[in-house]
file final_26.cif (mmCIF, C-alpha atoms)
data_my_file
#
loop_
_atom_site.label_atom_id
_atom_site.label_comp_id
_atom_site.auth_asym_id
_atom_site.auth_seq_id
_atom_site.Cartn_x
_atom_site.Cartn_y
_atom_site.Cartn_z
CA MET A 213 23.86 81.17 -9.81
CA LYS A 214 20.84 78.85 -9.61
CA LYS A 215 18.99 77.14 -6.77
CA SER A 216 18.76 73.36 -7.15
CA VAL A 217 14.96 73.64 -7.26
CA GLU A 218 15.32 75.88 -10.33
CA ILE A 219 17.28 73.16 -12.16
CA LEU A 220 15.26 70.04 -11.34
CA GLY A 221 12.19 69.28 -13.42
CA LEU A 222 13.38 71.26 -16.47
CA PRO A 223 13.21 69.64 -19.93
CA ILE A 224 16.55 68.67 -21.54
CA ILE A 225 16.80 70.17 -25.03
CA SER A 226 19.26 69.17 -27.80
CA ILE A 227 20.07 72.35 -29.72
CA THR A 228 21.47 70.49 -32.76
CA GLU A 229 18.67 67.93 -33.03
CA GLY A 230 15.85 70.25 -32.03
CA ARG A 231 14.14 67.81 -29.69
CA GLU A 232 13.41 67.19 -26.03
CA LEU A 233 15.47 64.34 -24.59
CA GLY A 234 13.95 64.03 -21.13
CA VAL A 235 13.56 65.87 -17.83
CA SER A 236 16.20 66.70 -15.20
CA LYS A 237 15.58 64.49 -12.16
CA THR A 238 18.37 64.82 -9.57
CA LEU A 239 21.81 66.37 -9.07
CA LEU A 240 24.75 63.97 -8.77
CA ILE A 241 26.98 65.55 -6.10
CA ASP A 242 30.77 65.28 -5.96
CA ALA A 243 30.98 65.92 -2.20
CA LYS A 244 34.78 65.81 -2.04
CA ASN A 245 35.13 68.74 -4.46
CA GLY A 246 31.90 70.52 -3.54
CA THR A 247 30.50 70.45 -7.09
CA VAL A 248 27.63 69.04 -9.15
CA ALA A 249 29.22 66.30 -11.26
CA ALA A 250 26.18 65.47 -13.39
CA ILE A 251 22.41 65.76 -13.79
CA THR A 252 20.41 62.53 -13.88
CA ILE A 253 17.48 62.54 -16.29
CA GLU A 254 14.20 60.71 -16.80
CA ASP A 255 13.12 59.89 -20.35
CA ALA A 256 10.85 57.49 -22.21
CA ASP A 257 13.37 54.65 -21.74
CA TRP A 258 13.83 55.21 -17.98
CA TYR A 259 13.16 51.52 -17.25
CA ARG A 260 16.43 50.58 -18.95
CA GLY A 261 18.49 52.24 -16.25
CA VAL A 262 19.90 55.51 -14.95
CA LYS A 263 20.98 58.10 -17.53
CA LEU A 264 22.96 61.22 -16.79
CA ILE A 265 24.48 64.31 -18.36
CA PRO A 266 27.98 65.36 -17.19
CA TYR A 267 27.64 68.91 -15.89
CA GLU A 268 30.45 70.03 -18.14
CA SER A 269 28.32 68.99 -21.14
CA VAL A 270 25.56 71.42 -20.16
CA ILE A 271 25.55 74.50 -22.40
CA ALA A 272 23.16 76.54 -20.29
CA ILE A 273 20.48 76.30 -17.63
CA GLY A 274 17.69 78.73 -18.42
CA ASP A 275 14.37 79.52 -16.79
CA ASP A 276 12.54 77.01 -18.96
CA ALA A 277 15.06 74.37 -20.08
CA VAL A 278 18.53 72.82 -19.80
CA THR A 279 20.34 72.89 -23.15
CA ILE A 280 23.00 70.44 -24.37
CA THR A 281 24.65 69.93 -27.77
CA ASN A 282 23.01 66.62 -28.71
CA SER A 283 21.77 63.27 -27.39
CA GLU A 284 25.30 61.82 -27.45
CA ASN A 285 26.05 63.92 -24.34
CA ILE A 286 23.74 61.60 -22.37
CA LEU A 287 25.51 58.65 -20.72
CA THR A 288 23.92 55.34 -19.77
CA LEU A 289 24.94 53.45 -16.65
CA ASP A 290 27.25 51.24 -18.70
CA ALA A 291 29.12 54.27 -20.07
CA ALA A 292 29.15 56.19 -16.79
CA GLY A 293 32.00 54.33 -15.11
CA ASP A 294 33.60 57.56 -13.87
CA TYR A 295 30.39 58.43 -12.03
CA GLU A 296 29.58 54.99 -10.59
CA ALA A 297 31.28 55.73 -7.25
CA LEU A 298 29.25 58.94 -6.90
CA LEU A 299 26.05 57.03 -7.72
CA ASP A 300 26.92 54.53 -4.98
CA GLU A 301 27.59 57.32 -2.45
CA ASN A 302 24.29 58.99 -3.39
CA ILE A 303 25.00 62.16 -1.36
CA ARG A 304 22.17 64.68 -1.72
CA ILE A 305 23.21 67.35 0.89
CA ILE A 306 19.65 68.71 1.05
CA ASP A 307 17.82 67.49 4.19
CA THR A 308 21.10 66.67 5.98
CA LYS A 309 21.70 68.06 9.49
CA ALA A 310 23.90 71.15 9.59
CA ILE A 311 26.25 70.96 12.60
CA THR A 312 29.31 72.96 13.62
CA LYS A 313 32.69 71.41 14.49
CA SER A 314 31.97 72.26 18.12
CA GLY A 315 28.88 70.01 18.02
CA THR A 316 26.09 72.61 17.76
CA ILE A 317 23.22 71.79 15.41
CA GLN A 318 22.36 74.81 13.27
CA GLY A 319 19.36 73.25 11.55
CA LYS A 320 18.81 71.43 8.27
CA VAL A 321 20.16 72.12 4.77
CA THR A 322 17.12 73.07 2.68
CA GLU A 323 18.64 74.45 -0.53
CA LEU A 324 21.82 74.58 -2.63
CA TYR A 325 23.05 77.47 -4.78
CA ILE A 326 24.92 76.27 -7.88
CA GLY A 327 27.35 78.43 -9.89
CA ASP A 328 27.62 78.39 -13.69
CA ASP A 329 30.63 76.07 -13.45
CA GLY A 330 28.74 73.57 -11.26
CA LYS A 331 30.43 74.64 -8.01
CA ILE A 332 28.23 74.71 -4.91
CA GLU A 333 28.53 78.38 -3.91
CA LYS A 334 26.48 78.28 -0.69
CA CYS A 335 23.87 76.35 1.28
CA GLU A 336 20.62 77.58 2.77
CA ILE A 337 20.10 76.34 6.34
CA THR A 338 16.73 76.37 8.07
CA ALA A 339 16.92 76.54 11.88
CA PRO A 340 14.44 74.69 14.15
CA ASP A 341 12.54 77.97 14.67
CA GLY A 342 11.99 78.33 10.92
CA THR A 343 14.51 81.09 10.25
CA THR A 344 16.90 80.66 7.32
CA SER A 345 20.52 81.66 6.77
CA ASP A 346 23.14 81.15 4.04
CA VAL A 347 26.53 79.49 4.63
CA ALA A 348 29.27 79.88 2.02
CA THR A 349 30.99 76.73 0.77
CA ASP A 350 34.37 77.85 2.13
CA GLN A 351 32.84 77.60 5.62
CA ILE A 352 31.78 73.97 5.09
CA SER A 353 34.39 71.33 5.84
CA ILE A 354 32.41 68.17 4.99
CA PHE A 355 29.37 67.31 2.85
CA GLY A 356 28.29 64.01 4.38
CA LYS A 357 25.47 61.54 3.68
CA GLN A 358 23.56 62.44 6.85
CA VAL A 359 25.47 65.47 8.20
CA THR A 360 26.96 68.67 6.75
CA VAL A 361 29.80 69.95 8.98
CA ILE A 362 30.23 73.72 9.23
CA ASP A 363 33.47 75.50 10.17
CA PRO A 364 32.40 79.12 10.88
CA THR A 365 36.04 80.18 11.47
CA GLY A 366 36.94 79.74 7.80
CA GLU A 367 36.76 83.45 6.91
CA LYS A 368 38.38 84.64 10.13
CA LYS A 369 41.55 82.71 9.36
CA ASN A 370 41.81 84.42 6.01
CA SER A 371 41.38 87.92 7.50
CA VAL A 372 44.18 87.36 10.03
CA ALA A 373 46.55 86.22 7.29
CA ALA A 374 45.78 89.34 5.26
CA LYS A 375 46.59 91.71 8.13
CA ALA A 376 49.89 90.02 9.04
CA PRO A 377 52.08 91.71 6.38
CA GLU A 378 51.31 95.19 7.81
CA ALA A 379 53.36 94.57 10.97
CA PRO A 380 56.88 94.62 9.43
CA LYS A 381 56.28 98.07 7.88
CA ALA A 382 56.45 99.74 11.33
CA ALA A 383 59.81 98.06 12.19
CA PRO A 384 62.19 99.91 9.79
CA ALA A 385 61.21 103.32 11.24
CA ALA A 386 62.51 102.43 14.74
CA PRO A 387 66.28 101.99 14.03
CA GLU A 388 66.52 105.41 12.35
CA ALA A 389 65.47 107.27 15.55
CA PRO A 390 68.91 107.29 17.35
CA LYS A 391 70.59 108.96 14.34
CA ALA A 392 68.51 112.07 14.99
CA GLU A 393 71.02 113.33 17.66
CA GLU A 394 73.63 114.49 15.09
CA ALA A 395 71.40 115.50 12.22
CA PRO A 396 67.75 115.68 13.27
CA VAL A 397 66.74 117.18 9.93
CA GLU A 398 68.16 114.32 7.84
CA THR A 399 66.46 111.44 9.69
CA PRO A 400 62.84 112.40 8.88
CA LYS A 401 63.82 112.92 5.23
CA ALA A 402 65.33 109.41 5.03
CA ALA A 403 62.19 107.89 6.57
CA GLU A 404 59.77 109.54 4.11
CA PRO A 405 61.19 108.10 0.85
CA VAL A 406 61.28 104.60 2.33
CA LYS A 407 57.53 104.73 3.04
CA ALA A 408 56.87 106.25 -0.38
CA GLU A 409 58.68 103.36 -2.08
CA GLU A 410 56.95 100.68 -0.05
CA ALA A 411 53.47 102.05 -0.76
CA PRO A 412 53.67 101.80 -4.57
CA LYS A 413 55.32 98.37 -4.30
CA ALA A 414 52.38 97.13 -2.27
CA GLU A 415 50.00 98.62 -4.83
CA GLU A 416 51.95 97.04 -7.72
CA LYS A 417 51.83 93.63 -6.04
CA ALA A 418 48.10 94.02 -5.46
CA GLU A 419 47.60 94.89 -9.13
CA GLU A 420 49.70 91.89 -10.23
CA VAL A 421 47.76 89.45 -8.10
CA LYS A 422 44.28 90.66 -9.08
CA PRO A 423 44.37 89.81 -12.80
CA GLU A 424 45.50 86.21 -12.21
CA PRO A 425 42.17 84.80 -10.91
CA LYS A 426 40.35 86.45 -13.84
CA LYS A 427 42.04 83.91 -16.14
CA GLU A 428 39.72 81.26 -14.71
CA ALA A 429 36.76 82.74 -16.62
CA PRO A 430 37.06 80.72 -19.89
CA LYS A 431 34.89 77.71 -19.12
CA ALA A 432 34.12 76.71 -22.69
CA ALA A 433 35.04 73.08 -22.01
CA PRO A 434 32.09 71.49 -23.82
CA ALA A 435 34.33 70.82 -26.87
CA PRO A 436 36.15 67.73 -25.48
CA LYS A 437 32.78 66.08 -24.97
CA ALA A 438 33.06 64.53 -28.41
CA GLU A 439 34.45 61.34 -26.84
CA PRO A 440 31.02 59.81 -26.06
CA LYS A 441 30.45 59.73 -29.84
CA LYS A 442 32.32 56.42 -29.80
CA GLU A 443 28.98 54.84 -28.84
CA ALA A 444 27.62 55.58 -32.32
CA PRO A 445 28.35 52.21 -33.95
CA LYS A 446 25.31 50.42 -32.43
CA ALA A 447 23.18 50.03 -35.54
CA ASP A 448 22.86 46.27 -35.23
CA ALA A 449 19.50 45.56 -33.60
CA ALA A 450 20.60 42.32 -31.96
CA LYS A 451 23.61 43.96 -30.35
CA GLN A 452 21.44 46.85 -29.17
CA ALA A 453 18.96 44.47 -27.56
CA ALA A 454 21.75 42.59 -25.82
CA ALA A 455 23.27 45.85 -24.59
CA ASP A 456 19.86 46.98 -23.27
CA LYS A 457 19.41 43.74 -21.36
CA ALA A 458 22.90 43.99 -19.89
CA SER A 459 22.24 47.59 -18.86
CA GLU A 460 18.95 46.69 -17.21
CA GLU A 461 20.53 43.76 -15.37
CA ARG A 462 23.39 45.92 -14.15
CA HIS A 463 20.95 48.53 -12.93
CA ARG A 464 18.91 45.90 -11.10
CA ARG A 465 22.08 44.65 -9.37
CA PHE A 466 22.88 48.25 -8.43
CA LEU A 467 19.48 48.65 -6.72
CA LEU A 468 19.21 45.23 -5.04
CA GLY A 469 20.15 45.31 -1.37
CA LYS A 470 19.87 49.08 -1.06
CA LYS A 471 17.21 50.77 1.05
CA ALA A 472 14.44 53.09 -0.09
CA ALA A 473 15.03 56.69 0.96
CA ARG A 474 11.29 57.38 1.11
CA ASP A 475 7.93 55.70 0.56
CA ILE A 476 7.31 54.71 -3.07
CA LYS A 477 3.62 54.39 -3.91
CA MET A 478 1.52 53.38 -6.89
CA ASP A 479 -0.77 55.98 -8.45
CA ASN A 480 -3.68 54.49 -6.48
CA GLY A 481 -1.85 55.00 -3.18
CA ILE A 482 -0.71 51.39 -2.60
CA VAL A 483 2.78 51.33 -1.06
CA ILE A 484 5.39 49.51 -3.14
CA VAL A 485 8.15 49.93 -0.55
CA GLU A 486 8.40 51.97 2.63
CA ALA A 487 11.28 54.28 3.55
CA GLY A 488 14.14 52.31 5.10
CA GLN A 489 13.03 48.92 3.69
CA ASP A 490 15.38 46.76 1.59
CA ILE A 491 14.88 46.75 -2.17
CA THR A 492 14.21 43.17 -3.30
CA GLU A 493 13.38 41.51 -6.61
CA GLU A 494 9.69 41.69 -5.69
CA VAL A 495 9.95 45.42 -5.03
CA LEU A 496 11.72 45.97 -8.38
CA GLN A 497 9.05 44.00 -10.23
CA LYS A 498 6.21 45.97 -8.59
CA ALA A 499 7.96 49.27 -9.30
CA LYS A 500 8.48 48.35 -12.95
CA LEU A 501 4.82 47.32 -13.43
CA ALA A 502 3.62 50.50 -11.73
CA ASN A 503 5.92 52.76 -13.82
CA LYS A 504 7.71 53.79 -10.62
CA PHE A 505 11.09 52.25 -11.43
CA ILE A 506 12.84 55.55 -12.12
CA GLU A 507 11.32 57.14 -9.01
CA LEU A 508 12.62 54.22 -6.97
CA SER A 509 16.06 54.55 -8.65
CA MET A 510 16.35 58.19 -7.62
CA ASN A 511 15.37 57.56 -3.99
CA VAL A 512 17.73 54.93 -2.60
CA GLN A 513 20.31 55.09 0.16
#

call {"tool": "encode", "arguments": {"input": "final_26.cif", "output": "C-alpha cells"}}
result
Amino acid sequence: MKKSVEILGLPIISITEGRELGVSKTLLIDAKNGTVAAITIEDADWYRGVKLIPYESVIAIGDDAVTITNSENILTLDAAGDYEALLDENIRIIDTKAITKSGTIQGKVTELYIGDDGKIEKCEITAPDGTTSDVATDQISIFGKQVTVIDPTGEKKNSVAAKAPEAPKAAPAAPEAPKAEEAPVETPKAAEPVKAEEAPKAEEKAEEVKPEPKKEAPKAAPAPKAEPKKEAPKADAAKQAAADKASEERHRRFLLGKKAARDIKMDNGIVIVEAGQDITEEVLQKAKLANKFIELSMNVQ
C-alpha cells in the first residue's frame, strides 16, 4: 500500500526499452469505484497534450520509480477515450472537505492510501485542530469534487449481520424441555449431539467461505494491454504531424472555458492565471511560452 505522495514525482521506466519515459504527475481517480484509473505523466512532449498510463498497465511502484512494459502503454488524449469522462470530472479527493452524513465536518482529506490493485484503501483526514485520523474506504459513501461524505456506521452494520445467525441456535433446545417428565435422562443426551453436529457444520461453512476471497489474488492483468500496439503504424511523418496538431487542438478545446484550480506563475513570479479565473486563448498562449502548459493542464476544475 502506497501513499499518493509516494507515487507522484517518480520517473516512469520502460523495462523492455531501458529508458525513462517521463515523470508521474497526477492520479486520475475513478470516484464511482473508489480506485485510481490511471497515472498522468509529464514528458518532453508535454505541450502536445495530456498523456496517461492505465493503472492496470503498471508493473510495479517502487521507492524510486514506476515501471511499465514499454512506451506503448502510454496513451495520448486521442487514444484515451475511455478516460475522457474522468478527465472532465477531474476529482482529486485530496483537499476536499470530509463531512459525515449527519452534517458534521471532520476536517480535510490530506492523503490517500493506494493498494497494489489501484483500490483506494483509506483516506487520511486532518481535523481543524491539526490531529489526523484514517477512514477506511468502506466507511466513505461518496468521493465528490468538493466534499467527501463519510458514513461511520458502515462497519457497525456488518457486525450486526454477523451476530444474527447465533440467535436460532438457542431455539431448538427449548422444545425438548417438556419431554424431561417421562425420561429426564434421555432429554439431555438428545440435546448434546444436536449441538455437537451444529458446531462442526458452522466450522465447515466458515472454512468453505474463507478460501473463496483468496482467489482474487491473481492480478497479473498486464497481458491484455497489447491492444494499444495498434498505434504502431504511424511511420509517415506527414500523418504524424497532422495527428500531433489534432491532438494539440483537442487538448486546447478541453482546457478552454475551464477554471484554474490554483495560481499558475512564470519562473520569474509573474502570474499567468489566478485560481478561479477562466482559461482563455491568451492564458494558453502565455502558459505555452512560459513552459507551464502541462502545469496548467494538471490544475483545472

call {"tool": "residues_around", "arguments": {"input": "final_26.cif", "residues": "range 263-280 of chain A", "least_positions_apart": "2", "cutoff": "7 Å", "atoms": "all atoms listed in the file", "output": "PyMOL selection string"}}
result
chain A and resi 222-227+248-253+261+282+285-289+330+433-434+437

call {"tool": "residues_around", "arguments": {"input": "final_26.cif", "residues": "Val361 in chain A", "least_positions_apart": "6", "cutoff": "7 Å", "atoms": "only C-alpha atoms", "output": "list of chain:residue names"}}
result
A:Ala310, A:Ile311, A:Thr312, A:Lys313, A:Ile352, A:Ser353, A:Ile354, A:Phe355

call {"tool": "closest_residue", "arguments": {"input": "final_26.cif", "among": "A:Asp307, A:Asp257, A:Glu296, A:Glu460", "to": "Val359 in chain A", "atoms": "all atoms listed in the file"}}
result
A:Asp307

call {"tool": "residues_near_point", "arguments": {"input": "final_26.cif", "point": "(19.8, 76.5, -8.7)", "cutoff": "12 Å", "atoms": "all atoms listed in the file", "output": "PyMOL selection string"}}
result
chain A and resi 213-222+238-239+248+273-275+278+323-336

call {"tool": "atom_distance", "arguments": {"input": "final_26.cif", "atom1": "CA of Thr308 in chain A", "atom2": "CA of Lys244 in chain A"}}
result
15.9 Å

call {"tool": "closest_residue", "arguments": {"input": "final_26.cif", "among": "A:Val235, A:Ile362, A:Ala348, A:Leu298", "to": "Ile317 in chain A", "atoms": "all atoms listed in the file"}}
result
A:Ile362

call {"tool": "residues_around", "arguments": {"input": "final_26.cif", "residues": "range 496-503 of chain A", "least_positions_apart": "6", "cutoff": "8 Å", "atoms": "only C-alpha atoms", "output": "number ranges by chain"}}
result
A: 259, 464, 478-479, 484

call {"tool": "atom_distance", "arguments": {"input": "final_26.cif", "atom1": "CA of Glu507 in chain A", "atom2": "CA of Thr281 in chain A"}}
result
26.3 Å

call {"tool": "atom_distance", "arguments": {"input": "final_26.cif", "atom1": "CA of Asn245 in chain A", "atom2": "CA of Ala292 in chain A"}}
result
18.6 Å

call {"tool": "resolve_selection", "arguments": {"input": "final_26.cif", "expression": "the PyMOL selection byres ((chain A and resi 488) around 6)", "output": "compact mmCIF listing (two decimals) with C-alpha atoms, in the frame of the given file"}}
result
# COMPACT_ATOMS: atom_id res chain seq x y z
CA LYS A 471 17.21 50.77 1.05
CA ALA A 472 14.44 53.09 -0.09
CA ALA A 487 11.28 54.28 3.55
CA GLN A 489 13.03 48.92 3.69

call {"tool": "closest_residue", "arguments": {"input": "final_26.cif", "among": "A:Ile303, A:Ala297, A:Ala473, A:Leu240", "to": "Asn511 in chain A", "atoms": "all atoms listed in the file"}}
result
A:Ala473

call {"tool": "closest_residue", "arguments": {"input": "final_26.cif", "among": "A:Gly234, A:Ala450, A:Ala243, A:Phe466", "to": "Trp258 in chain A", "atoms": "only C-alpha atoms"}}
result
A:Gly234

call {"tool": "resolve_selection", "arguments": {"input": "final_26.cif", "expression": "the PyMOL selection byres ((chain A and resi 344) around 12)", "output": "VMD selection string"}}
result
chain A and resid 318 to 323 335 to 343 345 to 347
